[in-house]
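Q: Supplied in structure tokens, the structure appears directly below.
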Amino acid sequence: MKEKEMIFGIRAVIEAVEAGKDIDKILVKRGLSGELFSELLELTRMHEIPMQSVPVERIDRVTRKNHQGVVAFTSAVTYQKLEQIVPLLYEEGKNPFILVLDGLTDVRNFGAIARTCEVAGVDAIVIPARGSVSVNADAMKTSAGALHSIPVCRERSLKEAIVFLRNSGIKVVTATEKAAELYTGTDMTVPVALLMGAEDTGVASEHLRLSDELVKIPQFGAIQSLNVSVAAGVLIYEVIRQRGELFP
């Protein structure tokens, strides 16, 4: 991580948040307290910025600067809000096409998925604020700049985001090996959100229960799962195929 992508010191981080700087996450020294820390804590809650309490040794490994127990990692993009994106899509007369990523932590896979989304015309990518990838330099590089073009919505609760999508008339189609139906057997000509999970953990069970349909990609080899960026590409282009957008 380049030091220009970080902000050091509790006062500097507070000022950055107050100035509207886009922050991915903040690391704070375990046991940190005091009036300034309370102010920072309140700001992170207000702006829904992930904060992690870690041993000071972890922060020391990140930087040798005088960090005072606080380091903020800046975002390469401005995150959007799903509740603002979806109504705008309808107002523009679009047939919404959203990709939701549940628990994906590999930034290179994220970048590759974002690149496919941008090329295929996906309207937005949704990620959770915690336990997920973020738009950092590695993701940006792997995306070949696509993350500058496609809106990324970082949501405090993925559960609430899924409920919002369904209430907005968007069909949530989840990819899981637990599905009985093949991905080609569901109608994705309607407004749709594809929900993909991490390769190791898949989609959380509570999110599976909220989905409108569960689908799977057929597998014939000994390996039990596709790379998530490849699986996302398969499903994204199935939406394009069904909508008749391959040959305009």
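Residue names in the structure tokens use chain letters A, B, ... in the order shown, residue numbers from 1 in each chain, and ligand numbers from 1 in the order shown.
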Could you pull the residues within 12 Å of A:Glu245, counting only C-alpha atoms, minus those fewer than 5 positions along the same chain, as a PyMOL selection string?

A: chain A and resi 95+120-121+189+236-240

Q: Next, dump the selected residues to file, keeping only C-alpha atoms, as a short mmCIF file (atom, residue, chain, number, x, y, z; two decimals), in the first residue's frame.

A:
data_model
loop_
_atom_site.label_atom_id
_atom_site.label_comp_id
_atom_site.auth_asym_id
_atom_site.auth_seq_id
_atom_site.Cartn_x
_atom_site.Cartn_y
_atom_site.Cartn_z
CA ASN A 95 -33.97 -2.37 -17.38
CA ALA A 120 -21.29 -5.93 -20.47
CA GLY A 121 -23.17 -2.83 -19.38
CA THR A 189 -35.08 -10.42 -19.18
CA ILE A 236 -23.60 -11.81 -16.79
CA TYR A 237 -23.52 -12.84 -20.42
CA GLU A 238 -26.52 -15.10 -19.95
CA VAL A 239 -28.47 -11.98 -18.98
CA ILE A 240 -27.16 -10.25 -22.12
#

Q: Find the spatial neighbours of A:Phe164, counting only C-alpha atoms, within a cut-off of 12 Å - ignore same-chain residues fewer than 6 positions away - and output them as number ranges by chain.

A: A: 81-87, 155, 157-158, 170-172, 193, 210-211

Q: Please, could you write that set of residues out with N, CA and C atoms as an mmCIF file, in the first residue's frame?

A:
data_model
loop_
_atom_site.group_PDB
_atom_site.id
_atom_site.type_symbol
_atom_site.label_atom_id
_atom_site.label_comp_id
_atom_site.auth_asym_id
_atom_site.auth_seq_id
_atom_site.Cartn_x
_atom_site.Cartn_y
_atom_site.Cartn_z
ATOM 1 N N LYS A 81 -24.804 5.097 -3.398
ATOM 2 C CA LYS A 81 -25.835 4.501 -2.558
ATOM 3 C C LYS A 81 -26.870 3.820 -3.440
ATOM 4 N N LEU A 82 -27.193 2.581 -3.099
ATOM 5 C CA LEU A 82 -28.114 1.795 -3.906
ATOM 6 C C LEU A 82 -29.474 2.466 -4.008
ATOM 7 N N GLU A 83 -29.943 3.055 -2.914
ATOM 8 C CA GLU A 83 -31.279 3.664 -2.931
ATOM 9 C C GLU A 83 -31.342 4.900 -3.826
ATOM 10 N N GLN A 84 -30.190 5.413 -4.222
ATOM 11 C CA GLN A 84 -30.149 6.526 -5.166
ATOM 12 C C GLN A 84 -29.966 6.034 -6.604
ATOM 13 N N ILE A 85 -29.213 4.956 -6.761
ATOM 14 C CA ILE A 85 -28.919 4.415 -8.096
ATOM 15 C C ILE A 85 -30.162 3.810 -8.739
ATOM 16 N N VAL A 86 -30.884 2.960 -7.990
ATOM 17 C CA VAL A 86 -32.008 2.213 -8.571
ATOM 18 C C VAL A 86 -33.115 3.118 -9.112
ATOM 19 N N PRO A 87 -33.617 4.102 -8.335
ATOM 20 C CA PRO A 87 -34.650 4.977 -8.896
ATOM 21 C C PRO A 87 -34.185 5.714 -10.150
ATOM 22 N N GLU A 155 -22.691 -1.038 0.920
ATOM 23 C CA GLU A 155 -23.867 -1.012 1.780
ATOM 24 C C GLU A 155 -23.561 -1.553 3.176
ATOM 25 N N SER A 157 -25.603 -3.020 5.228
ATOM 26 C CA SER A 157 -26.235 -4.328 5.406
ATOM 27 C C SER A 157 -26.600 -4.912 4.049
ATOM 28 N N LEU A 158 -25.979 -6.032 3.689
ATOM 29 C CA LEU A 158 -26.312 -6.675 2.420
ATOM 30 C C LEU A 158 -27.728 -7.240 2.468
ATOM 31 N N ILE A 170 -36.860 -5.692 -8.515
ATOM 32 C CA ILE A 170 -35.692 -6.324 -9.122
ATOM 33 C C ILE A 170 -35.587 -7.764 -8.619
ATOM 34 N N LYS A 171 -35.515 -8.683 -9.548
ATOM 35 C CA LYS A 171 -35.444 -10.112 -9.242
ATOM 36 C C LYS A 171 -34.022 -10.474 -8.807
ATOM 37 N N VAL A 172 -33.892 -11.069 -7.632
ATOM 38 C CA VAL A 172 -32.581 -11.459 -7.108
ATOM 39 C C VAL A 172 -32.319 -12.922 -7.446
ATOM 40 N N ALA A 193 -30.906 -8.723 -10.353
ATOM 41 C CA ALA A 193 -29.669 -8.576 -9.583
ATOM 42 C C ALA A 193 -29.063 -9.963 -9.427
ATOM 43 N N LEU A 210 -33.398 -15.102 1.109
ATOM 44 C CA LEU A 210 -34.037 -13.895 0.605
ATOM 45 C C LEU A 210 -34.123 -13.860 -0.919
ATOM 46 N N SER A 211 -33.392 -14.734 -1.580
ATOM 47 C CA SER A 211 -33.316 -14.701 -3.037
ATOM 48 C C SER A 211 -34.630 -15.136 -3.676
#

Q: Do you know which residues are at most 10 Å from A:Ile26 counting only C-alpha atoms, after dropping those on the same chain fewer than 5 positions away, and could you put them as a PyMOL selection string?

A: chain A and resi 6-8+13+40+44+49-53+70-74

Q: Could you find all residues in stretch 43-238 of chain A that DSSP calls alpha helix (DSSP H) from the backbone, and write them as an MDAnalysis selection string?

A: chainID A and resid 43:47 56:62 82:91 107:120 137:142 158:167 205:210 228:238

Q: Could you jot down the atom CA of A:Val62 to atom CA of A:Lys141 separation for me, Å, one decimal place?

A: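 If I compute the distance from atom CA of A:Val62 to atom CA of A:Lys141, I get 20.5 Å.
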
Q: Could you go through stretch 3-214 of chain A and tell me which residues DSSP, when run on the backbone, assigns to strand (DSSP E), listing them as a ChimeraX atom specification?

A: /A:6-8,23-29,51-54,70-74,97-102,124-128,152-155,171-175,181-182,192-197,213-214

Q: Store the residues of this selection in a file with N, CA and C atoms, as a tab-separated table (two decimals), in the first residue's frame.

A:
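Output saved as again.tsv:
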chain	number	residue	atom	x	y	z
A	6	MET	N	-2.88	6.53	2.25
A	6	MET	CA	-3.20	6.43	3.67
A	6	MET	C	-3.16	7.80	4.32
A	7	ILE	N	-3.91	7.91	5.42
A	7	ILE	CA	-3.89	9.13	6.23
A	7	ILE	C	-3.53	8.71	7.64
A	8	PHE	N	-2.57	9.41	8.25
A	8	PHE	CA	-2.03	9.02	9.55
A	8	PHE	C	-2.42	10.01	10.63
A	23	ILE	N	-13.20	7.17	2.38
A	23	ILE	CA	-12.36	6.28	3.19
A	23	ILE	C	-12.86	4.84	3.07
A	24	ASP	N	-11.93	3.94	2.78
A	24	ASP	CA	-12.29	2.52	2.70
A	24	ASP	C	-12.45	1.92	4.09
A	25	LYS	N	-11.44	2.10	4.91
A	25	LYS	CA	-11.48	1.56	6.27
A	25	LYS	C	-10.47	2.29	7.12
A	26	ILE	N	-10.63	2.14	8.45
A	26	ILE	CA	-9.72	2.76	9.40
A	26	ILE	C	-9.22	1.70	10.37
A	27	LEU	N	-7.92	1.66	10.57
A	27	LEU	CA	-7.33	0.78	11.59
A	27	LEU	C	-7.00	1.62	12.82
A	28	VAL	N	-7.42	1.16	13.99
A	28	VAL	CA	-7.09	1.87	15.22
A	28	VAL	C	-6.41	0.90	16.19
A	29	LYS	N	-5.49	1.45	16.94
A	29	LYS	CA	-4.75	0.65	17.93
A	29	LYS	C	-5.70	0.14	19.00
A	51	MET	N	-14.35	0.25	10.69
A	51	MET	CA	-13.22	0.49	11.59
A	51	MET	C	-12.82	-0.82	12.24
A	52	GLN	N	-11.51	-1.08	12.28
A	52	GLN	CA	-11.00	-2.30	12.91
A	52	GLN	C	-10.06	-1.94	14.04
A	53	SER	N	-10.25	-2.61	15.18
A	53	SER	CA	-9.34	-2.47	16.31
A	53	SER	C	-8.29	-3.57	16.21
A	54	VAL	N	-7.01	-3.17	16.10
A	54	VAL	CA	-5.94	-4.14	15.83
A	54	VAL	C	-4.76	-3.89	16.76
A	70	VAL	N	-3.67	5.43	14.65
A	70	VAL	CA	-4.79	5.50	13.71
A	70	VAL	C	-4.27	5.66	12.28
A	71	VAL	N	-4.75	4.78	11.39
A	71	VAL	CA	-4.42	4.89	9.97
A	71	VAL	C	-5.70	4.68	9.17
A	72	ALA	N	-5.97	5.59	8.24
A	72	ALA	CA	-7.12	5.47	7.35
A	72	ALA	C	-6.63	5.15	5.94
A	73	PHE	N	-7.34	4.25	5.27
A	73	PHE	CA	-7.03	3.88	3.90
A	73	PHE	C	-8.05	4.57	2.99
A	74	THR	N	-7.56	5.37	2.07
A	74	THR	CA	-8.47	6.11	1.20
A	74	THR	C	-8.96	5.24	0.05
A	97	PHE	N	-29.83	-3.84	-14.14
A	97	PHE	CA	-28.97	-5.02	-14.13
A	97	PHE	C	-27.88	-4.75	-13.10
A	98	ILE	N	-28.00	-5.41	-11.94
A	98	ILE	CA	-27.11	-5.17	-10.80
A	98	ILE	C	-26.33	-6.45	-10.48
A	99	LEU	N	-25.10	-6.30	-10.02
A	99	LEU	CA	-24.33	-7.43	-9.52
A	99	LEU	C	-24.05	-7.21	-8.04
A	100	VAL	N	-24.38	-8.21	-7.21
A	100	VAL	CA	-24.16	-8.13	-5.76
A	100	VAL	C	-23.11	-9.17	-5.38
A	101	LEU	N	-22.07	-8.74	-4.66
A	101	LEU	CA	-20.98	-9.63	-4.26
A	101	LEU	C	-21.01	-9.83	-2.75
A	102	ASP	N	-21.18	-11.08	-2.32
A	102	ASP	CA	-21.33	-11.42	-0.91
A	102	ASP	C	-20.04	-12.04	-0.38
A	124	ALA	N	-24.52	-1.43	-11.90
A	124	ALA	CA	-23.86	-1.13	-10.63
A	124	ALA	C	-23.41	-2.43	-9.97
A	125	ILE	N	-22.40	-2.31	-9.13
A	125	ILE	CA	-21.91	-3.41	-8.31
A	125	ILE	C	-22.18	-3.06	-6.85
A	126	VAL	N	-22.67	-4.05	-6.09
A	126	VAL	CA	-22.98	-3.84	-4.67
A	126	VAL	C	-22.05	-4.71	-3.83
A	127	ILE	N	-21.40	-4.11	-2.83
A	127	ILE	CA	-20.56	-4.85	-1.90
A	127	ILE	C	-20.93	-4.44	-0.48
A	128	PRO	N	-20.72	-5.33	0.50
A	128	PRO	CA	-20.97	-4.94	1.90
A	128	PRO	C	-19.82	-4.12	2.45
A	152	VAL	N	-20.08	1.72	-7.78
A	152	VAL	CA	-19.92	0.71	-6.75
A	152	VAL	C	-20.67	1.20	-5.51
A	153	CYS	N	-21.63	0.41	-5.05
A	153	CYS	CA	-22.43	0.75	-3.88
A	153	CYS	C	-21.93	-0.06	-2.69
A	154	ARG	N	-21.41	0.62	-1.68
A	154	ARG	CA	-20.95	-0.07	-0.47
A	154	ARG	C	-22.04	0.09	0.58
A	155	GLU	N	-22.69	-1.04	0.92
A	155	GLU	CA	-23.87	-1.01	1.78
A	155	GLU	C	-23.56	-1.55	3.18
A	171	LYS	N	-35.52	-8.68	-9.55
A	171	LYS	CA	-35.44	-10.11	-9.24
A	171	LYS	C	-34.02	-10.47	-8.81
A	172	VAL	N	-33.89	-11.07	-7.63
A	172	VAL	CA	-32.58	-11.46	-7.11
A	172	VAL	C	-32.32	-12.92	-7.45
A	173	VAL	N	-31.34	-13.15	-8.33
A	173	VAL	CA	-30.97	-14.49	-8.78
A	173	VAL	C	-29.61	-14.82	-8.20
A	174	THR	N	-29.54	-15.88	-7.40
A	174	THR	CA	-28.32	-16.23	-6.68
A	174	THR	C	-27.66	-17.46	-7.25
A	175	ALA	N	-26.36	-17.38	-7.46
A	175	ALA	CA	-25.58	-18.51	-7.95
A	175	ALA	C	-25.09	-19.34	-6.77
A	181	GLU	N	-31.85	-25.72	-10.18
A	181	GLU	CA	-32.09	-25.21	-11.53
A	181	GLU	C	-30.81	-24.67	-12.16
A	182	LEU	N	-30.65	-24.90	-13.46
A	182	LEU	CA	-29.52	-24.35	-14.19
A	182	LEU	C	-29.74	-22.87	-14.45
A	192	VAL	N	-33.01	-7.39	-12.95
A	192	VAL	CA	-32.37	-8.50	-12.25
A	192	VAL	C	-31.13	-8.05	-11.49
A	193	ALA	N	-30.91	-8.72	-10.35
A	193	ALA	CA	-29.67	-8.58	-9.58
A	193	ALA	C	-29.06	-9.96	-9.43
A	194	LEU	N	-27.86	-10.15	-9.92
A	194	LEU	CA	-27.14	-11.41	-9.74
A	194	LEU	C	-26.38	-11.34	-8.42
A	195	LEU	N	-26.56	-12.36	-7.59
A	195	LEU	CA	-25.88	-12.43	-6.30
A	195	LEU	C	-24.84	-13.54	-6.34
A	196	MET	N	-23.58	-13.17	-6.15
A	196	MET	CA	-22.47	-14.12	-6.20
A	196	MET	C	-21.75	-14.12	-4.85
A	197	GLY	N	-21.29	-15.31	-4.42
A	197	GLY	CA	-20.56	-15.42	-3.18
A	197	GLY	C	-19.09	-15.70	-3.41
A	213	GLU	N	-34.64	-16.62	-6.81
A	213	GLU	CA	-34.33	-17.89	-7.45
A	213	GLU	C	-32.87	-18.25	-7.21
A	214	LEU	N	-32.62	-19.56	-7.09
A	214	LEU	CA	-31.27	-20.08	-6.96
A	214	LEU	C	-30.92	-20.82	-8.24

Q: Looking at A:Ala114, A:Met188, A:Ile217, A:Ile162, which one is nearest to A:Arg241, with distances taken over only C-alpha atoms?

A: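 So, comparing all the options, the nearest one is A:Met188.
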
Q: With distances taken over only C-alpha atoms, which residue among A:Gly34, A:Gly93, A:Pro218, A:Gly20 lies nearest A:Ala180?

A: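 Checking each of A:Gly34, A:Gly93, A:Pro218, A:Gly20 against A:Ala180, counting only C-alpha atoms, the winner is A:Pro218.
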
Q: What separation in Å, quoted to one decimal, exists between atom CA of A:Glu39 and atom CA of A:Thr105?

A: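 For atom CA of A:Glu39 relative to atom CA of A:Thr105, the distance reads 29.3 Å.
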
Q: Using atom CA of A:Ile10 and atom CA of A:Arg30 as the two end points, give the distance in Å to one decimal.

A: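 Here the two named atoms are 13.6 Å from each other.
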
Q: Show which residues sit within 10 Å of A:Met140, as an NGL selection string. Count only C-alpha atoms, and ignore same-chain residues fewer than 5 positions away.

A: :A and (76-77 or 107-108 or 110-112 or 114-115 or 134-135 or 145-148)

Q: Using only C-alpha atoms, find the one residue out of A:Cys117, A:Val228, A:Val122, A:Ile223 that sits nearest to A:Lys94.

A: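 Of A:Cys117, A:Val228, A:Val122, A:Ile223, the one nearest A:Lys94, counting only C-alpha atoms, is A:Val122.
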
Q: Counting only C-alpha atoms, figure out which residue out of A:Ala139, A:Val215, A:Val17, A:Val234 gets nearest to A:Arg45.

A: A:Val17

Q: Determine the nearest neighbour of A:Gly169 from the options A:Tyr90, A:Asp200, A:Ala129, A:Ser229, counting only C-alpha atoms.

A: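 That would be A:Tyr90, the residue with the smallest distance to A:Gly169.
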